[in-house]
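First up is the structure itself, then whatever we jot down about it.
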Amino acid sequence: MDEAIAHCTKGIGIWPWASNDEGAEPDVVMACAGDVPALETLAAASILRNKLPELKIRVVNVVDLMRLQPASEHPHGLSDIDFDVLFTKNKPVIFAFHGYPWLIHRLTYRRTNHHNIHVRGYKEEGTITTPFDMTVLNQMDRFSLVQDVLNRLPQLGERAAYIKEDMKNKHIEHKNYIRKYGVDMDEVRNWKWELS
């Protein structure tokens with residue numbers, strides 16, 4: 001509870017328990033804002049850490065969106081130095097957001113690494129369906145986020161091919177499951193963070 005209070009008070013920060021880049025430069029930053037995006041980001045980070053344990057992942061959670069703005073624009077804003085420390089100056093940032101992606105882009109457009117920030121959020125896609133399917137329709141689900149990371153790390157080369165295929169197969173499995181049963185797969189509904 002004390003860690004959660006400190007994190008929320010800061011409004012933004014690295015989740016060290018979900019990251020594995022401490023003492024090294026991350027290969028990718030996985031950021032999130034909102035409860036469902038946070039869950040999907042954590043699930044995607046877990047998949048990547050299991051399949052590519054050498055990949056250095058930094059998970060950043062944003063509680064206060066105004067922290068993304070420069071300090072000159074908002075009293076909660078981060079200095080450029082602090083922003084660059086969290087999000088790096090040159091690494092891909094996959095940002096899952098519970099709203100319209102353009103908002104994150106507007107809040108970060110003056111930042112050094114803005115061109116590497118790739119936001120996944122609400123794309124006006126939805127219907128009466130399952131909760132996880134809503135994330136799939138908006139390409140903010142764990143399997144899409146994993147593919148997004150792989151697409152932005154060309155250094156992985158051929159190692160990414162089979163993981164991408166697995167994620168595509170998971171999408172197919174998901175679609176078939178919800179059509180048959182009308183609820184999300186157990187592995188999605190009952191997912192829990194298990195890495196140490």
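The chains in the structure tokens are called A, B, ... from first to last as shown; in each chain the residues are counted from 1, and the ligands are counted from 1 in the order shown.
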
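DSSP, applied to the backbone of this structure, assigns helix (DSSP H, G or I) to the following residues of range 115-149 of chain A: His115, Asn116, Pro131, Phe132, Asp133, Met134, Thr135, Val136, Leu137, Arg142, Phe143, Ser144, Leu145, Val146, Gln147, Asp148 and Val149 of chain A.
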
Check which residues of range 1-87 of chain A sit at most 7 Å from range 138-155 of chain A using only C-alpha atoms, and return one row each with the closest pair of atoms and their distance in Å to one decimal, ordered by chain and rising number, as a Markdown table.
| residue | atom | partner | partner_atom | distance |
| --- | --- | --- | --- | --- |
| A:Glu40 | CA | A:Arg142 | CA | 4.8 |
| A:Thr41 | CA | A:Arg142 | CA | 6.3 |
| A:Ala43 | CA | A:Arg142 | CA | 5.8 |
| A:Ala44 | CA | A:Arg142 | CA | 4.5 |
| A:Leu48 | CA | A:Val146 | CA | 6.7 |

For Val93 in chain A, work out the shell of residues within 10 Å, counting only C-alpha atoms and skipping chain neighbours fewer than 5 positions away, then give it as a ChimeraX atom specification.
-> /A:27-31,58-60,87-88,113-119,148-149,152

Restricting it to N, CA and C atoms, dump the selection as a PDB file, in the first residue's frame.
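This is the output file result02.pdb:
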ATOM      1  N   ASP A  27      15.501  -1.753 -23.911  1.00  0.00           N
ATOM      2  CA  ASP A  27      15.286  -1.905 -25.355  1.00  0.00           C
ATOM      3  C   ASP A  27      13.980  -1.236 -25.761  1.00  0.00           C
ATOM      4  N   VAL A  28      13.016  -1.246 -24.833  1.00  0.00           N
ATOM      5  CA  VAL A  28      11.692  -0.687 -25.100  1.00  0.00           C
ATOM      6  C   VAL A  28      11.104  -0.194 -23.787  1.00  0.00           C
ATOM      7  N   VAL A  29      10.287   0.854 -23.896  1.00  0.00           N
ATOM      8  CA  VAL A  29       9.515   1.339 -22.758  1.00  0.00           C
ATOM      9  C   VAL A  29       8.066   0.996 -23.028  1.00  0.00           C
ATOM     10  N   MET A  30       7.438   0.323 -22.078  1.00  0.00           N
ATOM     11  CA  MET A  30       6.015   0.025 -22.187  1.00  0.00           C
ATOM     12  C   MET A  30       5.321   0.895 -21.152  1.00  0.00           C
ATOM     13  N   ALA A  31       4.533   1.853 -21.630  1.00  0.00           N
ATOM     14  CA  ALA A  31       3.863   2.800 -20.747  1.00  0.00           C
ATOM     15  C   ALA A  31       2.370   2.540 -20.762  1.00  0.00           C
ATOM     16  N   ARG A  58      11.247  -1.609 -19.756  1.00  0.00           N
ATOM     17  CA  ARG A  58      10.916  -0.682 -18.675  1.00  0.00           C
ATOM     18  C   ARG A  58       9.408  -0.439 -18.730  1.00  0.00           C
ATOM     19  N   VAL A  59       8.723  -0.643 -17.625  1.00  0.00           N
ATOM     20  CA  VAL A  59       7.283  -0.396 -17.551  1.00  0.00           C
ATOM     21  C   VAL A  59       7.068   0.899 -16.760  1.00  0.00           C
ATOM     22  N   VAL A  60       6.414   1.859 -17.418  1.00  0.00           N
ATOM     23  CA  VAL A  60       6.120   3.159 -16.807  1.00  0.00           C
ATOM     24  C   VAL A  60       4.610   3.307 -16.708  1.00  0.00           C
ATOM     25  N   PHE A  87      11.410   7.966 -20.181  1.00  0.00           N
ATOM     26  CA  PHE A  87      11.009   7.468 -21.497  1.00  0.00           C
ATOM     27  C   PHE A  87      12.161   7.321 -22.486  1.00  0.00           C
ATOM     28  N   THR A  88      13.350   7.660 -22.096  1.00  0.00           N
ATOM     29  CA  THR A  88      14.566   7.632 -22.916  1.00  0.00           C
ATOM     30  C   THR A  88      14.520   8.702 -24.005  1.00  0.00           C
ATOM     31  N   ASN A 113      11.858  12.463 -27.490  1.00  0.00           N
ATOM     32  CA  ASN A 113      11.591  11.150 -28.085  1.00  0.00           C
ATOM     33  C   ASN A 113      10.169  11.031 -28.634  1.00  0.00           C
ATOM     34  N   HIS A 114       9.511  12.142 -28.893  1.00  0.00           N
ATOM     35  CA  HIS A 114       8.110  12.090 -29.331  1.00  0.00           C
ATOM     36  C   HIS A 114       7.903  11.202 -30.552  1.00  0.00           C
ATOM     37  N   HIS A 115       8.825  11.234 -31.491  1.00  0.00           N
ATOM     38  CA  HIS A 115       8.666  10.441 -32.722  1.00  0.00           C
ATOM     39  C   HIS A 115       8.678   8.939 -32.460  1.00  0.00           C
ATOM     40  N   ASN A 116       9.152   8.521 -31.293  1.00  0.00           N
ATOM     41  CA  ASN A 116       9.181   7.097 -30.938  1.00  0.00           C
ATOM     42  C   ASN A 116       8.042   6.681 -30.016  1.00  0.00           C
ATOM     43  N   ILE A 117       7.131   7.588 -29.719  1.00  0.00           N
ATOM     44  CA  ILE A 117       5.999   7.258 -28.845  1.00  0.00           C
ATOM     45  C   ILE A 117       4.845   6.765 -29.714  1.00  0.00           C
ATOM     46  N   HIS A 118       4.448   5.532 -29.494  1.00  0.00           N
ATOM     47  CA  HIS A 118       3.395   4.894 -30.283  1.00  0.00           C
ATOM     48  C   HIS A 118       2.249   4.563 -29.333  1.00  0.00           C
ATOM     49  N   VAL A 119       1.140   5.268 -29.494  1.00  0.00           N
ATOM     50  CA  VAL A 119       0.038   5.168 -28.545  1.00  0.00           C
ATOM     51  C   VAL A 119      -1.048   4.249 -29.086  1.00  0.00           C
ATOM     52  N   ASP A 148       3.391  -5.078 -31.404  1.00  0.00           N
ATOM     53  CA  ASP A 148       3.839  -3.700 -31.574  1.00  0.00           C
ATOM     54  C   ASP A 148       5.296  -3.551 -31.134  1.00  0.00           C
ATOM     55  N   VAL A 149       5.638  -4.143 -30.000  1.00  0.00           N
ATOM     56  CA  VAL A 149       7.031  -4.103 -29.526  1.00  0.00           C
ATOM     57  C   VAL A 149       7.937  -4.794 -30.542  1.00  0.00           C
ATOM     58  N   ARG A 152       8.892  -2.900 -33.604  1.00  0.00           N
ATOM     59  CA  ARG A 152       9.740  -1.720 -33.412  1.00  0.00           C
ATOM     60  C   ARG A 152      11.147  -2.067 -32.930  1.00  0.00           C
TER      61      ARG A 152
END

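The set of residues in range 64-177 of chain A assigned to strand (DSSP E) by DSSP, using only backbone atoms of this structure, is Val93, Ile94, Phe95, Ala96, Phe97, Ile117, His118, Val119 and Arg120 of chain A.
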
Just C-alpha atoms for this one: save the residues we selected as a PDB file, in the first residue's frame.
ATOM      1  CA  VAL A  93       7.700   3.673 -26.335  1.00  0.00           C
ATOM      2  CA  ILE A  94       4.540   1.586 -26.628  1.00  0.00           C
ATOM      3  CA  PHE A  95       1.900   3.507 -24.690  1.00  0.00           C
ATOM      4  CA  ALA A  96      -1.462   1.894 -23.868  1.00  0.00           C
ATOM      5  CA  PHE A  97      -4.010   4.557 -22.973  1.00  0.00           C
ATOM      6  CA  ILE A 117       5.999   7.258 -28.845  1.00  0.00           C
ATOM      7  CA  HIS A 118       3.395   4.894 -30.283  1.00  0.00           C
ATOM      8  CA  VAL A 119       0.038   5.168 -28.545  1.00  0.00           C
ATOM      9  CA  ARG A 120      -2.634   2.482 -28.530  1.00  0.00           C
TER      10      ARG A 120
END

Got a sec: who's within 8 Å of Pro26 in chain A, counting only C-alpha atoms, leaving out chain neighbours fewer than 3 positions off, as a PyMOL selection string?
-> chain A and resi 21+29+55-58+91

I need the residues from that last selection saved to file as a short mmCIF file (atom, residue, chain, number, x, y, z; two decimals), in the first residue's frame (with C-alpha atoms), if you can.
data_model
loop_
_atom_site.label_atom_id
_atom_site.label_comp_id
_atom_site.auth_asym_id
_atom_site.auth_seq_id
_atom_site.Cartn_x
_atom_site.Cartn_y
_atom_site.Cartn_z
CA ASP A 21 16.12 -2.99 -17.16
CA VAL A 29 9.51 1.34 -22.76
CA LEU A 55 14.96 -8.15 -23.78
CA LYS A 56 15.25 -5.16 -21.44
CA ILE A 57 11.77 -3.76 -20.73
CA ARG A 58 10.92 -0.68 -18.67
CA LYS A 91 13.95 3.99 -27.57
#

Non-local contacts of Asn61 in chain A (7 Å; only C-alpha atoms; under 3 positions in same chain excluded) as a VMD selection string = chain A and resid 12 to 15 31 to 33

Fewer than 2 positions away in the same chain doesn't count, so skip those; otherwise give me all residues within 9 Å of Thr112 in chain A, counting only C-alpha atoms, as a ChimeraX atom specification.
-> /A:80,83-84,88-90,108-110,114-115

Name the closest residue to Arg67 in chain A among the candidates A:Lys10, A:Arg159, A:Lys192, A:Lys175; distances are taken between atoms, counting only C-alpha atoms.
-> A:Lys10

Contact residues around Arg189 in chain A with only C-alpha atoms at 12 Å, ignoring same-chain residues under 3 positions, as a PyMOL selection string = chain A and resi 36+39-40+43+130-133+174+178+183-186+192

Write the residues you've just listed into a file as a tab-separated table (two decimals), in the first residue's frame, and include N, CA, C and O atoms for each of them.
chain	number	residue	atom	x	y	z
A	36	VAL	N	-7.38	-0.83	-17.34
A	36	VAL	CA	-7.33	-1.87	-18.38
A	36	VAL	C	-6.03	-1.78	-19.18
A	36	VAL	O	-5.37	-2.81	-19.39
A	39	LEU	N	-3.29	-3.36	-17.08
A	39	LEU	CA	-3.39	-4.82	-17.06
A	39	LEU	C	-2.84	-5.42	-18.35
A	39	LEU	O	-2.06	-6.38	-18.33
A	40	GLU	N	-3.25	-4.86	-19.49
A	40	GLU	CA	-2.80	-5.37	-20.78
A	40	GLU	C	-1.30	-5.14	-20.99
A	40	GLU	O	-0.61	-5.99	-21.55
A	43	ALA	N	0.47	-7.74	-18.88
A	43	ALA	CA	0.37	-9.06	-19.51
A	43	ALA	C	1.31	-9.15	-20.72
A	43	ALA	O	1.97	-10.17	-20.92
A	130	THR	N	-17.22	-8.85	-25.44
A	130	THR	CA	-16.57	-9.10	-24.15
A	130	THR	C	-15.61	-7.97	-23.82
A	130	THR	O	-15.15	-7.25	-24.72
A	131	PRO	N	-15.25	-7.81	-22.55
A	131	PRO	CA	-14.30	-6.75	-22.19
A	131	PRO	C	-12.95	-6.86	-22.92
A	131	PRO	O	-12.44	-5.87	-23.44
A	132	PHE	N	-12.40	-8.08	-22.97
A	132	PHE	CA	-11.11	-8.23	-23.65
A	132	PHE	C	-11.25	-7.98	-25.14
A	132	PHE	O	-10.34	-7.40	-25.76
A	133	ASP	N	-12.36	-8.38	-25.74
A	133	ASP	CA	-12.55	-8.15	-27.17
A	133	ASP	C	-12.56	-6.66	-27.49
A	133	ASP	O	-12.13	-6.26	-28.56
A	174	HIS	N	-8.85	-16.45	-29.44
A	174	HIS	CA	-9.76	-15.55	-28.70
A	174	HIS	C	-11.09	-15.38	-29.44
A	174	HIS	O	-12.15	-15.54	-28.85
A	178	ILE	N	-14.74	-16.60	-27.90
A	178	ILE	CA	-15.86	-15.74	-27.51
A	178	ILE	C	-17.09	-16.00	-28.37
A	178	ILE	O	-18.22	-15.83	-27.89
A	183	VAL	N	-17.83	-15.39	-23.51
A	183	VAL	CA	-17.00	-14.78	-22.46
A	183	VAL	C	-15.55	-14.87	-22.90
A	183	VAL	O	-15.20	-15.64	-23.79
A	184	ASP	N	-14.70	-14.11	-22.21
A	184	ASP	CA	-13.27	-14.14	-22.52
A	184	ASP	C	-12.64	-15.45	-22.06
A	184	ASP	O	-13.11	-16.09	-21.12
A	185	MET	N	-11.53	-15.81	-22.71
A	185	MET	CA	-10.81	-17.03	-22.37
A	185	MET	C	-10.36	-16.98	-20.91
A	185	MET	O	-10.04	-15.91	-20.38
A	186	ASP	N	-10.29	-18.13	-20.28
A	186	ASP	CA	-9.85	-18.21	-18.88
A	186	ASP	C	-8.47	-17.58	-18.69
A	186	ASP	O	-8.23	-16.90	-17.70
A	192	LYS	N	-2.84	-13.33	-13.92
A	192	LYS	CA	-2.21	-12.66	-12.78
A	192	LYS	C	-0.73	-12.52	-13.05
A	192	LYS	O	-0.13	-13.38	-13.71

In Å to one decimal, how far is CA of Tyr181 in chain A from CA of Thr129 in chain A?
-> 11.5 Å

Rounded to one decimal place, report the CA of Asn20 in chain A-CA of Trp193 in chain A distance in Å.
-> 14.1 Å
